[in-house]
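Let me begin by presenting the structure, written as structure tokens, before commenting on it.
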Amino acid sequence: MLPTLSQVCTLHAPFEQDLEDFAAGQCRSVELWLGKLETYLQTHTVDDVRALLDKHELAAPVASYQGGLLTTQGDARHEHWAHFGKRLELCRALGVQTLVIAGDIAGPLTQQDLERVRMSLVQAAEQATAADVRLALEFQANAALANNLQSAASLVADIASPHLGLCLDLFHYYCGPSKAEDWGYLTPHNLFHVQVCDLLGVARELATDADRILPGDGDFLLSPLIEHLGSIGYVGPVSIELMNHQIWQISPRNFGEIAMTALRKLLGQAGMG
């Protein structure tokens, strides 16, 4: 498995500082945060991004995230899909293999909404295939549909596109209705990306993204799931993804060193540097 850091963990730092400081902490793989990347591209080029990644010897196998694709309507839908098309092209230009899409399906749902979700996933997978980019559907614990691993895996299997798979975000796994037996739905073919974090002293029903902390510092039993991922042959990125306002105050260099230590320990790679 590939230890990876998400740029959202250091949201307030400039794009280029993340890359330099993460690399200084022995990080070799980064999950691009698209909002931050797009801000950088307002005054720089895609070639500049490639040069930065090459300079710091960083891979960028995955980018996050695209929302608003599945149930939006009208002008909002048009805007989200236009943005999605641009982001697919950006991922292709940078050699990013996987784009995370949010399972942000709000309720109440009608039968027409259910059909719209499926057709949206079909359309998204077709566009991703044309761009040679994979889409990783992230189920969300508070969604009205596909708020758990089993349902998300079923949706992906129903579409049956090699360019559509799963993003396993352990925050949504533990805070939603997923169960350990759902692990059986994971395969090296449908699991495209894994995001890890932890929670400490917070009821899961009340937990928010801002409560995410470093893996190993909280209450989640992460090791059994990581061991299961190894047993099915998953070798893709495993990224730390935190939206914690207190952690955002830490410099990318300090965060990168601490986070890579925690991540390698979780993945059984503590001796690597």
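Every chain in the structure tokens takes a letter, A first, then B, and so on in the order presented; its residues are numbered from 1, and the ligands are numbered from 1 following the presented order.
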
For this session: Quick one: everything within 7 Å of Tyr234 of chain A, counting only C-alpha atoms, minus sequence neighbours fewer than 3 positions away in the same chain. Send it as a count of residues only.
Result: 4

List every residue of segment 8-91 of chain A that has an atom at most 8 Å from any atom of segment 118-130 of chain A, and for each one report the closest atom pair and its distance in Å to one decimal, counting only C-alpha atoms, with rows sorted by chain and then by increasing residue number, as a Markdown table.
```
| residue | atom | partner | partner_atom | distance |
| --- | --- | --- | --- | --- |
| A:Leu69 | CA | A:Ser120 | CA | 6.6 |
| A:Leu70 | CA | A:Ser120 | CA | 5.4 |
| A:Thr71 | CA | A:Ser120 | CA | 7.8 |
| A:Gly85 | CA | A:Gln127 | CA | 7.7 |
| A:Leu88 | CA | A:Ala128 | CA | 6.8 |
```

Exercise. Which residues, written as a count of residues only, have at least one atom at most 12 Å from Glu89 of chain A, with only C-alpha atoms counted and residues fewer than 6 positions away on the same chain left out?
Worked result: 14

Quick one: pick out all strand (DSSP E) residues within segment 51-267 of chain A from a backbone DSSP run and write them as a tab-separated table (two decimals) with C-alpha atoms, in the first residue's frame.
```tsv
chain	number	residue	atom	x	y	z
A	59	ALA	CA	3.51	10.99	-7.17
A	60	ALA	CA	-0.06	12.30	-7.43
A	61	PRO	CA	-2.17	9.17	-7.97
A	62	VAL	CA	-5.47	10.61	-6.74
A	63	ALA	CA	-7.36	13.91	-6.52
A	64	SER	CA	-10.34	14.97	-4.38
A	65	TYR	CA	-13.10	15.66	-4.86
A	66	GLN	CA	-16.02	16.28	-7.22
A	98	THR	CA	-8.21	8.47	-9.78
A	99	LEU	CA	-10.71	11.23	-9.07
A	100	VAL	CA	-12.86	10.89	-5.94
A	101	ILE	CA	-16.55	11.69	-6.44
A	102	ALA	CA	-18.85	12.36	-3.50
A	134	ARG	CA	-10.88	6.28	-12.79
A	135	LEU	CA	-13.67	7.49	-10.51
A	136	ALA	CA	-13.78	6.44	-6.86
A	137	LEU	CA	-17.27	6.79	-5.37
A	138	GLU	CA	-17.07	7.85	-1.71
A	164	LEU	CA	-15.85	3.30	-11.60
A	165	GLY	CA	-14.87	1.94	-8.18
A	166	LEU	CA	-14.94	2.75	-4.50
A	167	CYS	CA	-13.28	5.22	-2.18
A	168	LEU	CA	-13.26	3.76	1.33
A	169	ASP	CA	-13.24	6.70	3.73
A	191	LEU	CA	-11.33	-0.52	-4.42
A	192	PHE	CA	-9.59	2.48	-5.96
A	193	HIS	CA	-8.67	4.58	-2.92
A	194	VAL	CA	-8.61	4.50	0.90
A	195	GLN	CA	-8.75	7.48	3.27
A	196	VAL	CA	-7.95	7.10	6.96
A	237	PRO	CA	-2.96	4.75	-2.06
A	238	VAL	CA	-3.93	5.01	1.59
A	239	SER	CA	-4.17	8.68	2.48
A	240	ILE	CA	-4.63	10.58	5.69
```

Exercise. Residues of segment 171-253 of chain A in alpha helix (DSSP H) according to DSSP, as a list in words?
Worked result: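 So the alpha helix (DSSP H) residues in segment 171-253 of chain A would be Phe171, His172, Tyr173, Tyr174, Cys175, Ser223, Pro224, Leu225, Ile226, Glu227, His228, Leu229, Gly230, Ser231, Pro252 and Arg253 of chain A.
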
Problem set entry | Within 12 Å of Arg264 of chain A using only C-alpha atoms, minus same-chain residues under 5 positions, as a list in words | Met1, Leu2, Pro3, Thr4, Leu5, Gln26, Cys27, Leu214, Pro215, Gly216, Ser223, Ile226, Val238, Ser239, Ile240, Gly256, Glu257, Ile258, Ala259, Gln269, Ala270, Gly271, Met272 and Gly273 of chain A

Problem set entry | Two-atom distance - atom CA of Gly184 of chain A, atom CA of Val156 of chain A (Å) | 14.5 Å

Exercise. Please, what distance in Å, to one decimal, runs between atom CA of Leu32 of chain A and atom CA of His12 of chain A?
Worked result: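 The value is 13.9 Å.
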
For this session: List the neighbours of Gln7 of chain A out to 7 Å using only C-alpha atoms; skip same-chain residues closer than 4 positions along the sequence, and give me the result as a PyMOL selection string.
Result: chain A and resi 11+18+31-33

Problem set entry | Residue nearest Lys55 of chain A among A:Leu90, A:Leu19, A:Leu41, A:Leu221 (counting only C-alpha atoms) |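 Closest candidate: A:Leu19.
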
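For Leu53 of chain A, the list of residues within 10 Å, based on only C-alpha atoms and with local chain neighbours fewer than 2 positions off taken out, reads A:Glu16, A:Leu19, A:Glu20, A:Ala23, A:Arg28, A:Ser29, A:Val30, A:Asp47, A:Asp48, A:Val49, A:Arg50, A:Ala51, A:Lys55, A:His56, A:Glu57, A:Leu58, A:Ala59, A:Ala60, A:Leu94.
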
Dump N, CA and C atoms for the selected residues as an mmCIF file, in the first residue's frame?
```cif
data_model
loop_
_atom_site.group_PDB
_atom_site.id
_atom_site.type_symbol
_atom_site.label_atom_id
_atom_site.label_comp_id
_atom_site.auth_asym_id
_atom_site.auth_seq_id
_atom_site.Cartn_x
_atom_site.Cartn_y
_atom_site.Cartn_z
ATOM 1 N N GLU A 16 2.124 24.946 -3.396
ATOM 2 C CA GLU A 16 3.530 24.612 -3.585
ATOM 3 C C GLU A 16 4.237 24.312 -2.257
ATOM 4 N N LEU A 19 3.713 20.617 -1.237
ATOM 5 C CA LEU A 19 4.557 19.652 -1.941
ATOM 6 C C LEU A 19 5.982 19.662 -1.388
ATOM 7 N N GLU A 20 6.516 20.841 -1.172
ATOM 8 C CA GLU A 20 7.881 20.941 -0.651
ATOM 9 C C GLU A 20 7.987 20.355 0.757
ATOM 10 N N ALA A 23 7.290 16.492 1.059
ATOM 11 C CA ALA A 23 8.462 15.748 0.580
ATOM 12 C C ALA A 23 9.582 15.772 1.616
ATOM 13 N N ARG A 28 6.061 10.531 -0.308
ATOM 14 C CA ARG A 28 6.339 10.332 -1.723
ATOM 15 C C ARG A 28 5.070 10.276 -2.565
ATOM 16 N N SER A 29 3.918 10.466 -1.930
ATOM 17 C CA SER A 29 2.660 10.398 -2.654
ATOM 18 C C SER A 29 1.677 11.372 -2.025
ATOM 19 N N VAL A 30 1.007 12.165 -2.860
ATOM 20 C CA VAL A 30 0.107 13.196 -2.358
ATOM 21 C C VAL A 30 -1.262 13.056 -3.017
ATOM 22 N N ASP A 47 2.159 22.693 -16.580
ATOM 23 C CA ASP A 47 3.583 22.341 -16.643
ATOM 24 C C ASP A 47 4.299 22.706 -15.351
ATOM 25 N N ASP A 48 3.895 23.815 -14.732
ATOM 26 C CA ASP A 48 4.486 24.199 -13.439
ATOM 27 C C ASP A 48 4.172 23.152 -12.371
ATOM 28 N N VAL A 49 2.947 22.626 -12.389
ATOM 29 C CA VAL A 49 2.570 21.598 -11.423
ATOM 30 C C VAL A 49 3.410 20.348 -11.644
ATOM 31 N N ARG A 50 3.548 19.930 -12.890
ATOM 32 C CA ARG A 50 4.371 18.749 -13.189
ATOM 33 C C ARG A 50 5.806 18.959 -12.717
ATOM 34 N N ALA A 51 6.320 20.164 -12.953
ATOM 35 C CA ALA A 51 7.698 20.451 -12.554
ATOM 36 C C ALA A 51 7.865 20.374 -11.041
ATOM 37 N N LYS A 55 10.254 17.815 -9.181
ATOM 38 C CA LYS A 55 11.316 18.371 -8.337
ATOM 39 C C LYS A 55 11.331 17.718 -6.969
ATOM 40 N N HIS A 56 10.161 17.487 -6.417
ATOM 41 C CA HIS A 56 10.073 16.935 -5.060
ATOM 42 C C HIS A 56 9.875 15.421 -5.057
ATOM 43 N N GLU A 57 9.971 14.818 -6.238
ATOM 44 C CA GLU A 57 9.866 13.355 -6.382
ATOM 45 C C GLU A 57 8.574 12.825 -5.753
ATOM 46 N N LEU A 58 7.476 13.486 -6.114
ATOM 47 C CA LEU A 58 6.165 13.143 -5.576
ATOM 48 C C LEU A 58 5.266 12.560 -6.660
ATOM 49 N N ALA A 59 4.570 11.506 -6.323
ATOM 50 C CA ALA A 59 3.508 10.991 -7.174
ATOM 51 C C ALA A 59 2.195 11.643 -6.760
ATOM 52 N N ALA A 60 1.278 11.768 -7.721
ATOM 53 C CA ALA A 60 -0.058 12.300 -7.434
ATOM 54 C C ALA A 60 -1.080 11.341 -8.044
ATOM 55 N N LEU A 94 -2.300 15.780 -15.825
ATOM 56 C CA LEU A 94 -1.302 15.595 -14.766
ATOM 57 C C LEU A 94 -0.975 14.124 -14.514
#
```

For this session: Measuring atom to atom with only C-alpha atoms, identify which of A:Ile250, A:Asp217, A:Val8, A:Leu225 is nearest to Ala262 of chain A.
Result: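 Between A:Ile250, A:Asp217, A:Val8, A:Leu225, the residue approaching Ala262 of chain A most closely is A:Asp217.
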
For this session: Could you check how far atom CA of Ala144 of chain A sits from atom CA of Ala157 of chain A, in Å to one decimal?
Result: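 Between atom CA of Ala144 of chain A and atom CA of Ala157 of chain A the gap works out to 19.1 Å.
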